[in-house]
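Here is the structure we will look at, set down as structure tokens.
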Amino acid sequence: MSVIRVAFLWHMHQPFYKDLATGKYRLPWVRMHALKDYYGMVKLLSEFPEVHQTFNLVPSLITQIEDYVDGKAQDPFLDVALKPAADLTPADKRFALTYLFQANTAHLIARYPRYQELWNQFQGTGQNVERAVASFRAQDFTDLQVLSQIAWFDEYYLLNADVRALIHKGRDFTLEDQQFVGKFQQKIQASVLPAYREAAQKGRIEISTSPLYHPILPLLCDSNQGRVSSPNLPLPQKQFSRPDDAREQLKRGLDLHEQVFGNRPWGVWPSEGSVSEQVLGIAHELGVQWMATDEGVLGRSLGMAFDRSNTGHLSAANAEKLYQGYLYRQGSTQMRMVFRDHSLSDLIGFVYSGMPAKQACDHFIKNIKEAAQPVLAKGRDVLIPIILDGENAWEFYPGSGREFLRRVYDALQHDPQIEALSIGEALDQQKEYPQLKSLVPGSWINANFNVWIGAPEDNRAWDYLADARDFYEHRAPSVSEAQRRLAFEELMIAEGSDWNWWYGPEHHSANDRDFDELYRKHLSNVYQALGAEAPSYLAQPITTTAVRPDAILQTAFIHPRIGSESPRYFDWLGAAMYTADRHSGAMHGKQFLLDAIYAGVDEQRLYGRLDFAGALPAEAFFIAVDIEVTQPNAAATEDPTRLQLKAEVAGTLQSWALRNGHERRVLQAQPGTTVALVPHRRAFEFELPLKALGVAVGANIGLRFSLWTDGLPLDALPLEGALPLQVVSEEDELKGNVYR
């Protein structure tokens, strides 16, 4: 019987946050993700011995984890988290309030009632750090310091008796509790790399690698490759062409893997799936046996597109082409290759987090079988590579996605038609390989390099890198070996892909300034290491804008006309507003369908409005508005009231129902309730009597809109948490006491 070989590759990566000149870490995310996902993701497989997978550990991530385990990491974020609250300086307090709330609101902060309470307190100041410093007591800071760390603890370590006791305590933590949290972090960090080593030795996982500091290898070889993938792409003023650097980055990645895990890795996930024929040649010379990239690169190389139906499935002919390993062969170079199934990978990364775990698992397994069916029908085995970020996605799942993963792994393990294999195992099982005689350069994002080159900020960053590289070439012969080594290490760090991920229009985060400053610091360190002064332009920011979610609190009562074909300018003036940030985050590939939401109250009613990013979806869909009410003076542990307004749409509004979130009671016939779809405005609106929610003055309301089709959540605003509203009296509103 033909089989379906499902080959997962989980990519584990964080940028190199350490400043080699000072020894300090500029951001804490290696440590935080080491606490949360790196251990648990591989440990989970011990429950499913027949499920084999590939984990890609980026070498610069490994070195940073080792730095923490050895006690050498100087982490100011950890220092502030462990410092006695009584000793916090005003600068420390501002630092704590700026960074210790940087966590997923719904699944990390809200999981701990006191952490949520502190977040609400911070929100109540309009997230104004200076105002919050004045309102936070010493005990507030201690509780924030402790809970901001526990929130990142791995699910396995949350079962530890001492950790459970702290969670049960919930609040009023002590200095001893802070110290325990600090020591326990060391235990978690120390468990990470041994867990991977043990799993690999038992044959449960294959560990692949990437170039040392995660550079885009084709662009290191020749920055003009950006224009091969995207004709007419604006390029930097200076061509960057350092194939020897690309070779060194990959060689040192392979060497470090062998040093840490005791064997040479078979496979490589090149940074961001970025490949070119020159890169394959370098990898072949270094003994790499397989490489992986995205289906888009295969499509462009074959001169075709892997178009999918509305259900996400390929045609039979396209499925036959995608679901197999290939052998690239040109001259003396040959390389086995697999190509990522974009649709199935993105379902895990962006869709299933919004669904119940069982429903998501059933949908996933069903889609795997349906995707494979055209190939199975011809008597051929199927290889489906599922490749995605192995850490960032889990912040958006309840319980770090463990229930979903357990259900998926259990289904894979017990299905006689499916084998869950590492990529190396799956390729070894394939008897014959179709050959690729040419390869179009590209990455996993749109089969091009436009995220990292082409925008003015990107090109400026490349020009600065070229200047520093040229200066090194000129100056290195006249300085000591130690100076040369340090300067070249800083250059290799600056060649990493992560800096340009945040430059340009595609991605932004709350840490844009930190990434920009750290990149320029690495370049400045090159000059400093060589005994020279850095160019003055490195003191100026490269990034020019900070595109963030535009969130505004309600400032006055509103009285909009729901469903109006031509709304008045003042209808939504004073409303709370949240606009989609289409560029945010470390993950790429989300489909954006929603543009903005507006919400507000008056004396008697709650109003809401959703604006679509473009035309309404062609297929039938429904809009869910989750409404959460926290009554005034409610205890921190008391569950808020939850209701859901569900409107079914198919070009026109079909039906709607208001349901109680706990009892599932239908409250559809509330007097004065209006629900409207205004197609030409691409807007959905509703108004609802406050008495239907049972609210009183002083209550807080949180709203979250989501769009669903075919049982899948496609988009939501906000992505995390809810848009907050406050029910105030008419007298307070007249005085302007709305979120003041």
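Quick note on naming: the chains in the structure tokens go A, B, ... in the order shown, residues restart at 1 in each chain, and ligands are numbered from 1 in order of appearance.
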With DSSP run on the backbone, what are the helix (DSSP H, G or I) residues within region 237-425 of chain A? I'd like them as JSON, numbers by chain. {"A": [243, 244, 245, 246, 247, 248, 249, 250, 251, 252, 253, 254, 255, 256, 257, 258, 259, 260, 261, 271, 272, 273, 277, 278, 279, 280, 281, 282, 283, 284, 285, 295, 296, 297, 298, 299, 300, 301, 302, 316, 317, 318, 319, 320, 321, 322, 342, 343, 344, 345, 346, 347, 348, 349, 350, 351, 352, 353, 354, 357, 358, 359, 360, 361, 362, 363, 364, 365, 366, 367, 368, 369, 370, 371, 372, 373, 374, 375, 376, 392, 393, 394, 395, 396, 398, 399, 400, 401, 402, 403, 404, 405, 406, 407, 408, 409, 410, 411, 412, 413, 414, 423, 424, 425]}
Which residues, written as a PDB file with N, CA, C and O atoms, in the first residue's frame, have at least one atom at most 9 Å from region 436-444 of chain A, with only C-alpha atoms counted and residues fewer than 4 positions away on the same chain left out?
```pdb
ATOM      1  N   ILE A 216      21.176  35.597   4.583  1.00  0.00           N
ATOM      2  CA  ILE A 216      20.564  35.200   3.317  1.00  0.00           C
ATOM      3  C   ILE A 216      21.716  34.861   2.366  1.00  0.00           C
ATOM      4  O   ILE A 216      22.304  35.743   1.737  1.00  0.00           O
ATOM      5  N   PRO A 218      22.195  33.565  -0.689  1.00  0.00           N
ATOM      6  CA  PRO A 218      22.300  34.039  -2.078  1.00  0.00           C
ATOM      7  C   PRO A 218      22.692  35.505  -2.180  1.00  0.00           C
ATOM      8  O   PRO A 218      23.424  35.893  -3.107  1.00  0.00           O
ATOM      9  N   GLN A 225      21.426  39.125  -6.954  1.00  0.00           N
ATOM     10  CA  GLN A 225      20.473  38.030  -7.075  1.00  0.00           C
ATOM     11  C   GLN A 225      19.061  38.488  -6.718  1.00  0.00           C
ATOM     12  O   GLN A 225      18.080  37.880  -7.144  1.00  0.00           O
ATOM     13  N   GLY A 226      18.958  39.558  -5.944  1.00  0.00           N
ATOM     14  CA  GLY A 226      17.635  40.084  -5.623  1.00  0.00           C
ATOM     15  C   GLY A 226      16.859  40.474  -6.862  1.00  0.00           C
ATOM     16  O   GLY A 226      15.630  40.333  -6.912  1.00  0.00           O
ATOM     17  N   VAL A 228      17.272  39.058  -9.855  1.00  0.00           N
ATOM     18  CA  VAL A 228      16.954  37.868 -10.650  1.00  0.00           C
ATOM     19  C   VAL A 228      15.560  37.375 -10.285  1.00  0.00           C
ATOM     20  O   VAL A 228      14.758  37.013 -11.146  1.00  0.00           O
ATOM     21  N   SER A 229      15.270  37.384  -8.989  1.00  0.00           N
ATOM     22  CA  SER A 229      13.952  36.941  -8.535  1.00  0.00           C
ATOM     23  C   SER A 229      12.887  37.992  -8.769  1.00  0.00           C
ATOM     24  O   SER A 229      11.713  37.654  -8.957  1.00  0.00           O
ATOM     25  N   PRO A 270      18.365  26.441   4.823  1.00  0.00           N
ATOM     26  CA  PRO A 270      19.092  27.700   4.647  1.00  0.00           C
ATOM     27  C   PRO A 270      18.231  28.849   5.165  1.00  0.00           C
ATOM     28  O   PRO A 270      17.012  28.809   5.046  1.00  0.00           O
ATOM     29  N   SER A 271      18.860  29.840   5.731  1.00  0.00           N
ATOM     30  CA  SER A 271      18.136  30.934   6.380  1.00  0.00           C
ATOM     31  C   SER A 271      16.991  31.409   5.504  1.00  0.00           C
ATOM     32  O   SER A 271      17.193  31.764   4.335  1.00  0.00           O
ATOM     33  N   GLU A 272      15.764  31.403   6.078  1.00  0.00           N
ATOM     34  CA  GLU A 272      14.552  31.820   5.377  1.00  0.00           C
ATOM     35  C   GLU A 272      14.304  30.999   4.102  1.00  0.00           C
ATOM     36  O   GLU A 272      13.650  31.470   3.168  1.00  0.00           O
ATOM     37  N   GLY A 273      14.832  29.763   4.067  1.00  0.00           N
ATOM     38  CA  GLY A 273      14.648  28.927   2.886  1.00  0.00           C
ATOM     39  C   GLY A 273      15.283  29.517   1.642  1.00  0.00           C
ATOM     40  O   GLY A 273      14.851  29.224   0.523  1.00  0.00           O
ATOM     41  N   SER A 274      16.315  30.332   1.811  1.00  0.00           N
ATOM     42  CA  SER A 274      16.895  31.084   0.692  1.00  0.00           C
ATOM     43  C   SER A 274      17.945  30.253  -0.033  1.00  0.00           C
ATOM     44  O   SER A 274      18.944  29.846   0.570  1.00  0.00           O
ATOM     45  N   VAL A 275      17.730  30.029  -1.313  1.00  0.00           N
ATOM     46  CA  VAL A 275      18.626  29.185  -2.098  1.00  0.00           C
ATOM     47  C   VAL A 275      18.951  29.845  -3.434  1.00  0.00           C
ATOM     48  O   VAL A 275      18.229  30.709  -3.919  1.00  0.00           O
ATOM     49  N   SER A 276      20.055  29.411  -3.992  1.00  0.00           N
ATOM     50  CA  SER A 276      20.452  29.753  -5.359  1.00  0.00           C
ATOM     51  C   SER A 276      21.372  28.639  -5.817  1.00  0.00           C
ATOM     52  O   SER A 276      21.823  27.810  -5.012  1.00  0.00           O
ATOM     53  N   GLU A 277      21.667  28.606  -7.092  1.00  0.00           N
ATOM     54  CA  GLU A 277      22.539  27.550  -7.597  1.00  0.00           C
ATOM     55  C   GLU A 277      23.937  27.659  -6.996  1.00  0.00           C
ATOM     56  O   GLU A 277      24.571  26.644  -6.684  1.00  0.00           O
ATOM     57  N   THR A 293      13.472  24.200   0.916  1.00  0.00           N
ATOM     58  CA  THR A 293      12.980  25.553   0.675  1.00  0.00           C
ATOM     59  C   THR A 293      11.477  25.468   0.426  1.00  0.00           C
ATOM     60  O   THR A 293      10.844  24.479   0.790  1.00  0.00           O
ATOM     61  N   ASP A 294      10.908  26.476  -0.198  1.00  0.00           N
ATOM     62  CA  ASP A 294       9.457  26.572  -0.316  1.00  0.00           C
ATOM     63  C   ASP A 294       8.965  26.104  -1.680  1.00  0.00           C
ATOM     64  O   ASP A 294       9.707  26.112  -2.672  1.00  0.00           O
ATOM     65  N   GLU A 295       7.701  25.741  -1.727  1.00  0.00           N
ATOM     66  CA  GLU A 295       7.082  25.306  -2.983  1.00  0.00           C
ATOM     67  C   GLU A 295       7.159  26.375  -4.064  1.00  0.00           C
ATOM     68  O   GLU A 295       7.221  26.074  -5.260  1.00  0.00           O
ATOM     69  N   GLY A 296       7.161  27.660  -3.668  1.00  0.00           N
ATOM     70  CA  GLY A 296       7.237  28.733  -4.659  1.00  0.00           C
ATOM     71  C   GLY A 296       8.522  28.689  -5.457  1.00  0.00           C
ATOM     72  O   GLY A 296       8.534  29.020  -6.654  1.00  0.00           O
ATOM     73  N   VAL A 297       9.631  28.306  -4.823  1.00  0.00           N
ATOM     74  CA  VAL A 297      10.908  28.200  -5.526  1.00  0.00           C
ATOM     75  C   VAL A 297      10.847  27.061  -6.541  1.00  0.00           C
ATOM     76  O   VAL A 297      11.320  27.194  -7.677  1.00  0.00           O
ATOM     77  N   LEU A 298      10.246  25.948  -6.148  1.00  0.00           N
ATOM     78  CA  LEU A 298      10.075  24.838  -7.097  1.00  0.00           C
ATOM     79  C   LEU A 298       9.188  25.272  -8.262  1.00  0.00           C
ATOM     80  O   LEU A 298       9.502  24.987  -9.430  1.00  0.00           O
ATOM     81  N   ARG A 300       8.644  28.237  -9.563  1.00  0.00           N
ATOM     82  CA  ARG A 300       9.329  29.141 -10.489  1.00  0.00           C
ATOM     83  C   ARG A 300      10.410  28.404 -11.272  1.00  0.00           C
ATOM     84  O   ARG A 300      10.665  28.711 -12.435  1.00  0.00           O
ATOM     85  N   SER A 301      11.047  27.432 -10.616  1.00  0.00           N
ATOM     86  CA  SER A 301      12.090  26.662 -11.306  1.00  0.00           C
ATOM     87  C   SER A 301      11.505  25.765 -12.385  1.00  0.00           C
ATOM     88  O   SER A 301      12.160  25.489 -13.397  1.00  0.00           O
ATOM     89  N   LEU A 302      10.270  25.295 -12.181  1.00  0.00           N
ATOM     90  CA  LEU A 302       9.597  24.456 -13.170  1.00  0.00           C
ATOM     91  C   LEU A 302       8.772  25.273 -14.156  1.00  0.00           C
ATOM     92  O   LEU A 302       8.180  24.708 -15.085  1.00  0.00           O
ATOM     93  N   TYR A 326      13.385  15.913  -4.662  1.00  0.00           N
ATOM     94  CA  TYR A 326      14.029  16.141  -5.955  1.00  0.00           C
ATOM     95  C   TYR A 326      15.542  16.010  -5.805  1.00  0.00           C
ATOM     96  O   TYR A 326      16.091  16.147  -4.701  1.00  0.00           O
ATOM     97  N   LEU A 327      16.196  15.770  -6.933  1.00  0.00           N
ATOM     98  CA  LEU A 327      17.653  15.791  -6.978  1.00  0.00           C
ATOM     99  C   LEU A 327      18.077  16.909  -7.925  1.00  0.00           C
ATOM    100  O   LEU A 327      17.825  16.839  -9.139  1.00  0.00           O
ATOM    101  N   TYR A 328      18.686  17.952  -7.352  1.00  0.00           N
ATOM    102  CA  TYR A 328      19.264  19.008  -8.189  1.00  0.00           C
ATOM    103  C   TYR A 328      20.624  18.522  -8.666  1.00  0.00           C
ATOM    104  O   TYR A 328      21.448  18.058  -7.874  1.00  0.00           O
ATOM    105  N   ARG A 329      20.857  18.622  -9.960  1.00  0.00           N
ATOM    106  CA  ARG A 329      22.142  18.188 -10.509  1.00  0.00           C
ATOM    107  C   ARG A 329      22.583  19.161 -11.597  1.00  0.00           C
ATOM    108  O   ARG A 329      21.851  19.405 -12.559  1.00  0.00           O
ATOM    109  N   GLN A 330      23.765  19.705 -11.421  1.00  0.00           N
ATOM    110  CA  GLN A 330      24.355  20.579 -12.445  1.00  0.00           C
ATOM    111  C   GLN A 330      25.866  20.499 -12.311  1.00  0.00           C
ATOM    112  O   GLN A 330      26.422  20.842 -11.254  1.00  0.00           O
ATOM    113  N   ARG A 340       8.586  22.915   0.771  1.00  0.00           N
ATOM    114  CA  ARG A 340       7.578  23.110   1.820  1.00  0.00           C
ATOM    115  C   ARG A 340       6.167  23.259   1.256  1.00  0.00           C
ATOM    116  O   ARG A 340       5.943  24.049   0.342  1.00  0.00           O
ATOM    117  N   HIS A 342       3.158  25.021   1.449  1.00  0.00           N
ATOM    118  CA  HIS A 342       2.866  26.347   2.009  1.00  0.00           C
ATOM    119  C   HIS A 342       1.533  26.363   2.759  1.00  0.00           C
ATOM    120  O   HIS A 342       1.419  26.923   3.855  1.00  0.00           O
ATOM    121  N   ASN A 448      11.189  35.102  -3.504  1.00  0.00           N
ATOM    122  CA  ASN A 448      12.123  36.174  -3.836  1.00  0.00           C
ATOM    123  C   ASN A 448      12.794  36.638  -2.548  1.00  0.00           C
ATOM    124  O   ASN A 448      12.635  36.028  -1.491  1.00  0.00           O
ATOM    125  N   PHE A 449      13.553  37.731  -2.619  1.00  0.00           N
ATOM    126  CA  PHE A 449      14.288  38.232  -1.451  1.00  0.00           C
ATOM    127  C   PHE A 449      13.829  39.636  -1.048  1.00  0.00           C
ATOM    128  O   PHE A 449      14.560  40.373  -0.383  1.00  0.00           O
TER     129      PHE A 449
END
```
If we count only C-alpha atoms, what is near region 427-434 of chain A at a cut-off of 12 Å, once residues fewer than 2 positions away on the same chain are taken out, given as an MDAnalysis selection string? chainID A and resid 2:7 266:267 289:292 302 320:329 334:339 380:385 419 421:425 436:437
For those residues, write C-alpha atoms to a file as a tab-separated table (two decimals), in the first residue's frame.
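Produced file again-v9.tsv, reproduced below:
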```tsv
chain	number	residue	atom	x	y	z
A	2	SER	CA	1.30	3.47	-0.86
A	3	VAL	CA	2.03	5.62	2.18
A	4	ILE	CA	1.93	9.29	3.12
A	5	ARG	CA	5.24	10.43	4.59
A	6	VAL	CA	4.70	13.56	6.67
A	7	ALA	CA	7.99	15.33	7.34
A	266	TRP	CA	22.85	15.74	7.01
A	267	GLY	CA	20.53	18.58	6.21
A	289	GLN	CA	23.13	15.91	1.83
A	290	TRP	CA	19.78	17.73	1.65
A	291	MET	CA	18.37	21.24	1.69
A	292	ALA	CA	14.81	22.51	1.97
A	302	LEU	CA	9.60	24.46	-13.17
A	320	GLU	CA	2.37	14.90	-8.11
A	321	LYS	CA	5.06	17.52	-8.69
A	322	LEU	CA	5.17	18.94	-5.16
A	323	TYR	CA	4.84	15.87	-2.97
A	324	GLN	CA	8.22	14.22	-3.60
A	325	GLY	CA	11.90	14.84	-3.09
A	326	TYR	CA	14.03	16.14	-5.95
A	327	LEU	CA	17.65	15.79	-6.98
A	328	TYR	CA	19.26	19.01	-8.19
A	329	ARG	CA	22.14	18.19	-10.51
A	334	GLN	CA	24.09	17.57	-6.70
A	335	MET	CA	21.69	18.10	-3.80
A	336	ARG	CA	18.56	16.32	-2.61
A	337	MET	CA	15.81	18.85	-1.99
A	338	VAL	CA	12.33	19.06	-0.50
A	339	PHE	CA	9.84	21.86	-0.95
A	380	ARG	CA	2.89	6.40	-5.60
A	381	ASP	CA	4.14	7.21	-2.13
A	382	VAL	CA	3.68	10.81	-0.98
A	383	LEU	CA	6.16	13.11	0.80
A	384	ILE	CA	4.55	16.17	2.40
A	385	PRO	CA	7.10	18.56	3.99
A	419	GLU	CA	4.46	7.67	8.46
A	421	LEU	CA	9.50	10.81	9.47
A	422	SER	CA	12.41	13.19	9.60
A	423	ILE	CA	13.32	14.74	6.27
A	424	GLY	CA	16.45	12.59	5.98
A	425	GLU	CA	14.45	9.42	6.70
A	436	LEU	CA	16.13	19.58	-11.33
A	437	LYS	CA	18.66	20.96	-13.79
```
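The list of residues with at least one atom within 9 Å of Val351 (chain A), based on only C-alpha atoms and without residues fewer than 4 positions apart in the same chain, reads Asp346, Leu347, Met355, Ala360, Lys590, Leu712, Pro713, Leu714 and Asp715 of chain A.
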Save the residues we just selected, C-alpha atoms, as a CSV table (one decimal), in the first residue's frame?
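File written: selection-v2.csv
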```
chain,number,residue,atom,x,y,z
A,346,ASP,CA,0.5,28.1,7.3
A,347,LEU,CA,-2.6,26.4,8.7
A,355,MET,CA,-9.9,26.8,16.7
A,360,ALA,CA,-8.1,21.8,14.3
A,590,LYS,CA,-0.7,35.8,7.6
A,712,LEU,CA,-11.7,28.2,9.9
A,713,PRO,CA,-10.8,31.5,11.6
A,714,LEU,CA,-9.2,33.6,8.8
A,715,ASP,CA,-8.5,36.9,10.6
```
Using CA of Asp75 (chain A) and CA of Leu27 (chain A) as the two end points, give the distance in Å to one decimal.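 Result for CA of Asp75 (chain A) versus CA of Leu27 (chain A): 7.9 Å, one decimal.
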Which residues come within 12 Å of Arg111 (chain A), counting only C-alpha atoms, excluding same-chain residues fewer than 2 positions away, as a VMD selection string? chain A and resid 103 to 109 113 to 117 119 147 to 148 150 to 152 167 170 395 397 to 400 636 to 637 721
Nearest residue to Ser353 (chain A) from the set A:Tyr464, A:Tyr38, A:Glu720, A:Phe141 (distances using only C-alpha atoms):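 Among A:Tyr464, A:Tyr38, A:Glu720, A:Phe141, it is A:Glu720 that comes nearest to Ser353 (chain A).
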Would you kindly return, as a ChimeraX atom specification, each protein, DNA or RNA residue with an atom no farther than 8 Å from any atom of Leu606 (chain A), considering only C-alpha atoms and excluding same-chain residues fewer than 3 positions away? /A:599-602,687-690
CA of Ala699 (chain A) and CA of Gln554 (chain A), how far apart in Å?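 If I compute the distance from CA of Gln554 (chain A) to CA of Ala699 (chain A), I get 14.2 Å.
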Kindly indicate which residue among A:Gln528, A:Gln127, A:Thr333, A:Ser343 lies nearest to Arg308 (chain A), using only C-alpha atoms for the distances.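 Of all the options, A:Ser343 lies closest to Arg308 (chain A).
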Hey, which bits of region 238-321 of chain A sit within 7 Å of region 365-375 of chain A, and for each residue what's the closest pair of atoms and how far apart in Å (one decimal), counting only C-alpha atoms, rows by chain and increasing number, as a Markdown table?
```
| residue | atom | partner | partner_atom | distance |
| --- | --- | --- | --- | --- |
| A:His313 | CA | A:Ala371 | CA | 5.9 |
| A:Leu314 | CA | A:Ala371 | CA | 7.0 |
| A:Ala316 | CA | A:Pro374 | CA | 5.1 |
| A:Ala319 | CA | A:Val375 | CA | 6.7 |
| A:Glu320 | CA | A:Val375 | CA | 5.6 |
```
Produce a file of the selected residues containing N, CA and C atoms, as a PDB file, in the first residue's frame.
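Okay, selection_26.pdb is ready:
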```pdb
ATOM      1  N   HIS A 313      -6.421  22.894  -1.831  1.00  0.00           N
ATOM      2  CA  HIS A 313      -5.829  21.711  -2.439  1.00  0.00           C
ATOM      3  C   HIS A 313      -5.282  22.002  -3.829  1.00  0.00           C
ATOM      4  N   LEU A 314      -4.226  21.243  -4.184  1.00  0.00           N
ATOM      5  CA  LEU A 314      -3.616  21.343  -5.500  1.00  0.00           C
ATOM      6  C   LEU A 314      -4.358  20.465  -6.492  1.00  0.00           C
ATOM      7  N   ALA A 316      -4.390  17.518  -9.329  1.00  0.00           N
ATOM      8  CA  ALA A 316      -3.697  16.224  -9.292  1.00  0.00           C
ATOM      9  C   ALA A 316      -2.298  16.339  -9.885  1.00  0.00           C
ATOM     10  N   ALA A 319      -0.038  18.264  -7.447  1.00  0.00           N
ATOM     11  CA  ALA A 319       0.262  17.465  -6.255  1.00  0.00           C
ATOM     12  C   ALA A 319       1.368  16.466  -6.557  1.00  0.00           C
ATOM     13  N   GLU A 320       1.329  15.851  -7.733  1.00  0.00           N
ATOM     14  CA  GLU A 320       2.374  14.901  -8.111  1.00  0.00           C
ATOM     15  C   GLU A 320       3.744  15.575  -8.147  1.00  0.00           C
TER      16      GLU A 320
END
```
For region 467-474 of chain A: contacts at 9 Å, only C-alpha atoms, fewer than 2 positions along chain excluded, given as a ChimeraX atom specification: /A:238,462-465,476-478,484,487-488,491,523-524,526-527,530
One number please: CA of Tyr213 (chain A) to CA of Leu280 (chain A), in Å, one decimal.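 CA of Leu280 (chain A) lies 18.1 Å from CA of Tyr213 (chain A).
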Pick out each residue of region 601-737 of chain A that DSSP on the backbone tags as strand (DSSP E or B); I need them as a ChimeraX atom specification. /A:601,605-612,621-630,641-650,652-660,666,674-678,683-689,700-709,712-717,723-726
Which residue is closest to Ser210 (chain A)? Choose from A:Asp255, A:Asp177, A:Asp244, A:Asp222 and count only C-alpha atoms.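 Smallest separation from Ser210 (chain A) among the options: A:Asp255.
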Which residue, A:Leu9, A:Leu20, A:Gly401, A:Ser332, has the smallest gap to Gly354 (chain A) when you use only C-alpha atoms?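 Counting only C-alpha atoms, the residue closest to Gly354 (chain A) is A:Gly401.
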Pick from A:Val678, A:Leu144, A:Phe153, A:Tyr519, whichever lies nearest to Gly496 (chain A) using only C-alpha atoms: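 Checking each candidate against Gly496 (chain A), we get A:Tyr519 as the closest.
Of the listed residues (A:His33, A:Arg659, A:Arg227, A:His284), A:His284 comes nearest to Arg247 (chain A); the distances count only C-alpha atoms.
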